[in-house]
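Asker: Here you go, one structure.
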Amino acid sequence: MAAERYLALGYCVIPLRGKVPTITWSTYQRRKPSLNELRRWARCGLLRNIGIVCGEVSGNLVVLDFDDLAVYETFIRRFPDLAQTYTVATGGGGRHAYLQAGLLPPSRRRQGVELRGNGLQVVAPPSVHPNSTPYQVLHSLDVLQVPNLEELARWVRPAAGPKPDISAPAAGANPSLTAAIALHFQALGYRRRGDWLNGPCIYPQRHAHDDSRISFGFNTCSGYGNCFRCGSMLAKDIARVLGIDPSSYGGIAPHSYRRDTDEQQFVCNPFT
Ligand SMILES: [Zn+2]
């Protein structure tokens, strides 16, 4: 299967649903999964789509993520040599240009393009975008090896304002609300395992025999929930089901949510 081929090529693969990792993928920013892990993800139905972790773990893989084709065209004119590389047409209508860097530049972005290195992943072919369009190889070339991407990195300037450190725990829901939800689950007898409180799903009606098996986990760091069957859940929805009023705890998110939730680590699976 495709994921095994990527792994054999030296890329660190993670399982996705849509564009979102179905596991806690911070581990896989440091090491590649084993073939057994990969096959287990596939068996468990976690490997719907394939993500490739950029940066050191994939041999200094840098992916230029263009969500604006006009910016991609500018890139081709400005860096014609760099454009002669393995390139993917994304399901969202953008382009992913893959490069292997000698010296890894820091991840950065500006309007229309993001340089993805350490801490970021990309959705890889033959994954299917949530809009049902598959990711397809556009230029079936070798991934270009480039000793130094300094000039390119300067072209992709950092966005205005400091970029959040994505290796830090994700800024999910309001910590006070998260703590209130955690207390509630603890009172219900949910078992702690690391950052997770595991127990029956909060939507038993969605499960064939209620949820006698434990398939739900609440992440006490991020405030997100995850169920094998129902998928990931936001703190605001969990609070509503539990009858907790977020306004009593200062609202749902005192800090604004980042747009690229798919790049963060809080949508994770409690059983890996
Ligand atoms: Zn569920």
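By convention here, the chains of the structure tokens are called A, B, ... in the order presented, each chain's residues are numbered starting at 1, and ligands are numbered starting at 1 in the order presented.
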Which residues, written as a ChimeraX atom specification, have at least one atom at most 12 Å from A:Ser58, with only C-alpha atoms counted and residues fewer than 6 positions away on the same chain left out?

Answerer: /A:6-14,28-33,51-52,98-101,104,116-122

Asker: Name each residue within 12 Å of ligand 1, counting only C-alpha atoms and all ligand atoms, as JSON, numbers by chain.

Answerer: {"A": [198, 199, 200, 201, 202, 203, 204, 205, 206, 207, 208, 209, 210, 211, 212, 213, 214, 215, 216, 217, 218, 225, 226, 227, 228, 229, 230, 231, 232, 233, 238]}

Asker: Which stretch 42-114 of chain A residues have any atom within 6 Å of an atom of stretch 145-159 of chain A, and for each, what is the nearest pair of atoms with distance in Å to one decimal, counting only C-alpha atoms, rows sorted by chain and number, as CSV?

Answerer:
```
residue,atom,partner,partner_atom,distance
A:Gln100,CA,A:Gln145,CA,4.6
A:Ala101,CA,A:Val146,CA,5.0
A:Gly102,CA,A:Pro147,CA,4.1
A:Leu103,CA,A:Asn148,CA,5.5
A:Arg108,CA,A:Pro158,CA,5.1
A:Arg109,CA,A:Pro158,CA,5.2
A:Arg110,CA,A:Ala159,CA,5.0
```

Asker: Could you write out, as JSON, numbers by chain, all the residues of stretch 25-141 of chain A that DSSP marks as strand (DSSP E)?

Answerer: {"A": [49, 50, 51, 52, 53, 61, 62, 63, 64, 65, 66, 87, 88, 89, 95, 96, 97, 98, 99, 100, 101, 102, 103, 108, 109, 110, 113, 114, 115, 116, 121, 122, 123, 124, 136, 137, 138, 139]}

Asker: Would you pick out the contacts of A:Asp237 at 12 Å or less, using only C-alpha atoms, so that residues sharing its chain but fewer than 6 positions from it are not included, and give the list as a ChimeraX atom specification?

Answerer: /A:173,177-178,181,202-203,223-226,243-246,252

Asker: Create the file for the chosen residues now, containing C-alpha atoms and written as a PDB file, in the first residue's frame.

Answerer:
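Here's the written file selection-v8.pdb:
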```pdb
ATOM      1  CA  ALA A 173     -10.124  25.209  24.748  1.00  0.00           C
ATOM      2  CA  LEU A 177     -13.440  24.939  31.055  1.00  0.00           C
ATOM      3  CA  THR A 178     -11.162  22.002  30.238  1.00  0.00           C
ATOM      4  CA  ILE A 181     -14.941  18.973  32.082  1.00  0.00           C
ATOM      5  CA  ILE A 202     -20.772  10.777  25.542  1.00  0.00           C
ATOM      6  CA  TYR A 203     -22.945   9.855  22.562  1.00  0.00           C
ATOM      7  CA  GLY A 223      -9.939  20.050  26.010  1.00  0.00           C
ATOM      8  CA  TYR A 224     -10.712  17.899  23.008  1.00  0.00           C
ATOM      9  CA  GLY A 225     -12.439  14.547  23.035  1.00  0.00           C
ATOM     10  CA  ASN A 226     -12.034  11.638  20.711  1.00  0.00           C
ATOM     11  CA  GLY A 243     -24.613  20.191  30.992  1.00  0.00           C
ATOM     12  CA  ILE A 244     -21.641  22.430  31.771  1.00  0.00           C
ATOM     13  CA  ASP A 245     -22.142  26.099  30.953  1.00  0.00           C
ATOM     14  CA  PRO A 246     -18.904  27.426  29.377  1.00  0.00           C
ATOM     15  CA  ILE A 252     -14.982  28.425  25.339  1.00  0.00           C
TER      16      ILE A 252
END
```

Asker: State, in Å with one decimal place, the distance from atom CA of A:Val128 to atom CA of A:Val20.

Answerer: 12.0 Å

Asker: Tell me, which residues of stretch 87-162 of chain A carry DSSP helix (DSSP H, G or I), written as a ChimeraX atom specification?

Answerer: /A:150-155

Asker: Can you write out the residues you just picked, keeping C-alpha atoms, as a CSV table (one decimal), in the first residue's frame?

Answerer:
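Writing the result to out.csv gives the following:
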```
chain,number,residue,atom,x,y,z
A,150,GLU,CA,18.0,30.2,2.4
A,151,GLU,CA,16.9,32.3,-0.6
A,152,LEU,CA,13.6,30.4,-0.9
A,153,ALA,CA,13.0,30.8,2.9
A,154,ARG,CA,13.6,34.6,2.6
A,155,TRP,CA,11.0,34.6,-0.3
```

Asker: Between atom CA of A:Asn174 and atom CA of A:Lys236, measure the distance and give it in Å to one decimal.

Answerer: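 Value for the atom CA of A:Asn174-atom CA of A:Lys236 distance: 9.9 Å.
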